[in-house]
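Asker: Got a structure for you, written out below as structure tokens; questions coming shortly.
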Amino acid sequence: MTIIDKTADVPAPRGSTENSGPLLDVRDLHVEFKTRDGVVKAVNGVNYSVSAGETLAVLGESGSGKSVTAQAIMGILDMPPGRIPQGEILFRGEDMLTMGYEERRKIRGQKIAMIFQDALSSLNPVLTVGYQLAEMFRVHQGLSKKDAKAKAIDLMDRVRIPAAKERVNDYPHQFSGGMRQRIMIAMALALEPDLIIADEPTTALDVTVQAQVMDLLAELQREYNMGLILITHDLGVVADVADKIAVMYAGRIVETAPVHELYKRPAHPYTRGLLDSIPRLDQKGQELYAIKGLPPNLLKIPTGCAFNPRCPKAQDICRTDVPPLLSVTERDGGELPGRHSACHFWKEQIHG
Amino acid sequence: MGRYVIRRLLQMIPVFFGATLLIFLMVNVMGDPVAGLCGDRECDPATAARLRAEFGLDQPVWQQYATYMGNVFSGDFGTAFNGQRVTELMAGAFPVTIRLTLVAIVFEIVIGISLGVLTGLRRGRPVDTGVLLMTLVVISIPTFVTGLLLQLLLGVKWGLVKPAVSSAATVDELLVPGLVLASVSLAYVTRLTRTSVAENSRADYVRTAVAKGLPRRRVVSRHLLRNSLIPVVTFIGTDVGALMGGAIVTERIFNIHGVGYQLYQGILRQSSQTVVGFVTVLVLVFLLANLLVDILYAVLDPRIRYA
């Protein structure tokens, strides 16, 4: 996989003249689901932002709230049972949660697009891929059937689907897994959105195809200068493409950091645990490390730090006080831009 | 596809012969056909013997069957005991029943699917619960009760419609009988559509369609419905056969001279020629309807390919 150097000067985001803030700014977002057994608190105060041309990787176990956050941003949560009791989702400075249905619908697909995990079930099985791609142009731009289809073929070429012209009338099940995911990417790219949310785009693919798909995604992102939120639990994927990382646990962000710093010096015991559980070639034959215990039950999140029952360094304060997301600094107090940790003992973790 | 259709048509041949043979034997077991000819009185033995010889009833059953099938293939379904040709009875009865079936199917599609989509999209809400309850009531009440009740209320008490259908059996006369005939299937179509829509509305591709920024209308009509209607089409297709033959009760209530009425008369008067002839045609209708459903299935769902 290629490492893309995004520190090189990034062109100004498209249409950024009106405001210079981040493209997307999620502030103190809460999402809960009413179920028969009680209220499931899936997201509990998430803050993150993405600028044009930037890639934010959201990392976390299943059930940590990373996908729910993304669905809340897209406005595709099932409501009810879902509910957003608190928080703001600012897109170009405007709160999407207060917008009307039509207004939000026009943002979906046009300004913010989403790539889903399982392309086979996420594409409609009874419609041709050409139809599903062309639909974007027909609905949002009012193109004729013929023009939209021509555009769909162009798109399929862009994501390097061989013989696009012949395959445009094929159905999703007639494509291989990698090709299907390319179609999903093409669909998200169709209207050149400002922001793409990719929800575990490579999880359902085998490793060689994973690399191809990620490369393609990174390349297109650079070309269009889009913001990208990459949701994943694969630390390998993150290292290659992300600019910054947000680690989620039990619906909260527990650590944020620029990508390489996180790998070098994690400031939260959970991140440390995640990094330690990556199998390493030089430790062949030894037992694999795993974080002990299970992810918390979202109906009954532990008091204090949600990670405390599984944390090897937990103290009394961890069981009573919720640690806020604090800025992380160097030992001498020097600033570490973009670094935050929600651990009472971040100092010991990062410097110890 | 062509080869598949040919294979299916060939498969129909043994089914056709098996079904007709069964009906033929069952009608023979029903009792002495000649006995019914003389009404309530016992037939004079000489007359009975003459009639038996005339209709070939003195021959062994297998020979009767062979003769009958030979005649059927030359387009001769025989003569009913009242002297009318069975083909004539069919020519009178089938158009009426086909009209009635069409009316019933239209009711099933329009009302059943609309209610199903409505409740499927609003599951758990009062509309959903109300319609579900209604379907349960309709399913549990026998057709002759709903039929007689509607006839009494709409036809006799309020005088909104004519209580009995004339021999012309025009479509507007058949509206109420059609609704009665469709009622139970309609309730099933509603429930089937509801379940299917409710299940598919949680599908990933519907979420994708919403995420694409499509208007809600388009999400439902293009993405959700297309997938949800596949099982419903199957049900309605097979129901065509059932409605054609199963209209005996409805046709009796509203005095419609269709297939059900002729079958009823045939059974009552032990006219085996009528019964066997009509049922043979119904078997064919059933087989063709099934084939049509299977072909339609492949049209609706591209993942199904017949070779």
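By order in the structure tokens, chains are A, B, ...; within a chain, residues start at 1; ligands start at 1, following the order shown.
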Using only C-alpha atoms, find the residues of chain B whose closest atom to chain A is at most 6 Å away, then write them as a list in words.
Answerer: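 Residues of chain B within 6 Å of chain A, counting only C-alpha atoms: Asp204, Tyr205, Thr208, Ala211, Lys212, Gly213, Asp301 and Pro302 of chain B.
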Asker: If you measure from atom CA of Leu205 of chain A to atom CA of Gly178 of chain A, what distance in Å do you get, rounded to one decimal?
Answerer: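 Here the two named atoms are 6.5 Å from each other.
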Asker: Going by DSSP on the backbone, which residues of segment 57-213 of chain B come out as helix (DSSP H, G or I)? List them as an MDAnalysis selection string.
Answerer: chainID B and resid 61:73 86:121 126:140 143:157 175:200 204:211
Asker: Within 12 Å of Met90 of chain B, counting only C-alpha atoms, which residues show up once you throw out same-chain ones fewer than 3 positions away? Write them as number ranges by chain, please.
Answerer: B: 76-80, 84-87, 93-98, 257-263, 273-282
Asker: Store the residues picked out above in a file with C-alpha atoms, as a compact mmCIF listing (two decimals), in the first residue's frame.
Answerer:
```txt
# COMPACT_ATOMS: atom_id res chain seq x y z
CA ASP B 76 -65.50 -32.94 -27.52
CA PHE B 77 -66.17 -32.79 -23.81
CA GLY B 78 -69.31 -34.83 -24.15
CA THR B 79 -72.89 -34.08 -23.33
CA ALA B 80 -74.44 -33.27 -20.02
CA GLN B 84 -76.56 -29.62 -23.53
CA ARG B 85 -73.05 -30.01 -24.82
CA VAL B 86 -70.43 -29.47 -22.11
CA THR B 87 -68.47 -27.18 -24.43
CA ALA B 93 -69.70 -20.17 -17.82
CA PHE B 94 -66.03 -19.37 -18.32
CA PRO B 95 -66.37 -15.76 -19.55
CA VAL B 96 -68.50 -14.98 -16.50
CA THR B 97 -66.07 -16.60 -14.08
CA ILE B 98 -63.06 -14.99 -15.76
CA HIS B 257 -73.98 -18.70 -13.79
CA GLY B 258 -70.26 -19.29 -13.90
CA VAL B 259 -67.93 -22.24 -13.46
CA GLY B 260 -68.77 -22.70 -9.80
CA TYR B 261 -72.48 -22.78 -10.51
CA GLN B 262 -72.10 -25.34 -13.32
CA LEU B 263 -69.84 -27.51 -11.17
CA GLN B 273 -69.31 -35.30 -18.06
CA THR B 274 -69.82 -31.76 -16.79
CA VAL B 275 -67.74 -32.26 -13.66
CA VAL B 276 -64.82 -33.96 -15.38
CA GLY B 277 -64.83 -31.49 -18.24
CA PHE B 278 -64.83 -28.41 -16.07
CA VAL B 279 -62.26 -29.75 -13.65
CA THR B 280 -59.99 -30.75 -16.52
CA VAL B 281 -60.00 -27.19 -17.80
CA LEU B 282 -59.41 -25.88 -14.26
```
Asker: Would you list the contacts of segment 266-274 of chain A as a PyMOL selection string, taking every protein, DNA or RNA residue within 9 Å and counting only C-alpha atoms, but skipping same-chain residues closer than 4 positions in sequence?
Answerer: chain A and resi 60+235+247+249+254-257+261-262+278+289-291+307+310-313+328+339-343+345-351
Asker: Can you work out the spacing between atom CA of Thr119 of chain B and atom CA of Thr146 of chain B in Å, to one decimal?
Answerer: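 Those two atoms sit 23.5 Å apart.
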Asker: For the atom pair atom CA of Arg99 of chain B and atom CA of Val27 of chain B, what is the interatomic distance in Å to one decimal place?
Answerer: 28.1 Å
Asker: Which is closer to Gly237 of chain B than all the others in B:Ile109, B:Thr193, B:Leu224, B:Phe254, using only C-alpha atoms?
Answerer: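 Closest to Gly237 of chain B of all the choices is B:Ile109.
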Asker: Segment 11-17 of chain B: which residues within 8 Å, counting only C-alpha atoms, same-chain residues fewer than 4 positions away excluded, as an MDAnalysis selection string?
Answerer: chainID B and resid 7 21 280 283:284 287
Asker: Go ahead and save the picked residues with all heavy atoms, as a JSON list (two decimals), in the first residue's frame.
Answerer:
```
[["chain", "number", "residue", "atom", "x", "y", "z"],
["B", 7, "ARG", "N", -39.65, -27.42, -21.20],
["B", 7, "ARG", "CA", -39.57, -28.51, -20.23],
["B", 7, "ARG", "C", -40.78, -28.49, -19.28],
["B", 7, "ARG", "O", -41.36, -29.52, -18.98],
["B", 7, "ARG", "CB", -38.27, -28.40, -19.44],
["B", 7, "ARG", "CG", -37.77, -29.76, -18.98],
["B", 7, "ARG", "CD", -36.38, -29.70, -18.42],
["B", 7, "ARG", "NE", -36.31, -28.84, -17.25],
["B", 7, "ARG", "CZ", -35.27, -28.05, -16.98],
["B", 7, "ARG", "NH1", -34.25, -28.01, -17.81],
["B", 7, "ARG", "NH2", -35.26, -27.31, -15.91],
["B", 21, "LEU", "N", -57.39, -38.49, -14.64],
["B", 21, "LEU", "CA", -57.72, -39.87, -14.29],
["B", 21, "LEU", "C", -58.32, -39.91, -12.87],
["B", 21, "LEU", "O", -59.33, -40.57, -12.63],
["B", 21, "LEU", "CB", -56.47, -40.75, -14.37],
["B", 21, "LEU", "CG", -56.70, -42.24, -14.05],
["B", 21, "LEU", "CD1", -57.68, -42.84, -15.06],
["B", 21, "LEU", "CD2", -55.40, -43.02, -14.09],
["B", 280, "THR", "N", -61.13, -30.61, -15.62],
["B", 280, "THR", "CA", -59.99, -30.75, -16.52],
["B", 280, "THR", "C", -59.48, -29.38, -16.97],
["B", 280, "THR", "O", -58.28, -29.10, -16.93],
["B", 280, "THR", "CB", -60.39, -31.58, -17.76],
["B", 280, "THR", "OG1", -60.89, -32.83, -17.31],
["B", 280, "THR", "CG2", -59.21, -31.79, -18.67],
["B", 283, "VAL", "N", -57.76, -27.67, -14.12],
["B", 283, "VAL", "CA", -56.41, -28.20, -13.91],
["B", 283, "VAL", "C", -55.43, -27.50, -14.85],
["B", 283, "VAL", "O", -54.35, -27.06, -14.45],
["B", 283, "VAL", "CB", -56.37, -29.73, -14.13],
["B", 283, "VAL", "CG1", -54.94, -30.23, -14.24],
["B", 283, "VAL", "CG2", -57.10, -30.44, -13.00],
["B", 284, "LEU", "N", -55.86, -27.37, -16.11],
["B", 284, "LEU", "CA", -55.00, -26.68, -17.09],
["B", 284, "LEU", "C", -54.74, -25.23, -16.67],
["B", 284, "LEU", "O", -53.61, -24.75, -16.74],
["B", 284, "LEU", "CB", -55.66, -26.70, -18.47],
["B", 284, "LEU", "CG", -55.45, -27.99, -19.27],
["B", 284, "LEU", "CD1", -56.20, -27.91, -20.59],
["B", 284, "LEU", "CD2", -53.97, -28.20, -19.53],
["B", 287, "LEU", "N", -52.21, -25.15, -13.88],
["B", 287, "LEU", "CA", -50.85, -25.43, -14.33],
["B", 287, "LEU", "C", -50.26, -24.22, -15.05],
["B", 287, "LEU", "O", -49.11, -23.85, -14.83],
["B", 287, "LEU", "CB", -50.85, -26.65, -15.26],
["B", 287, "LEU", "CG", -51.11, -28.00, -14.59],
["B", 287, "LEU", "CD1", -51.22, -29.10, -15.64],
["B", 287, "LEU", "CD2", -49.98, -28.33, -13.63]]
```
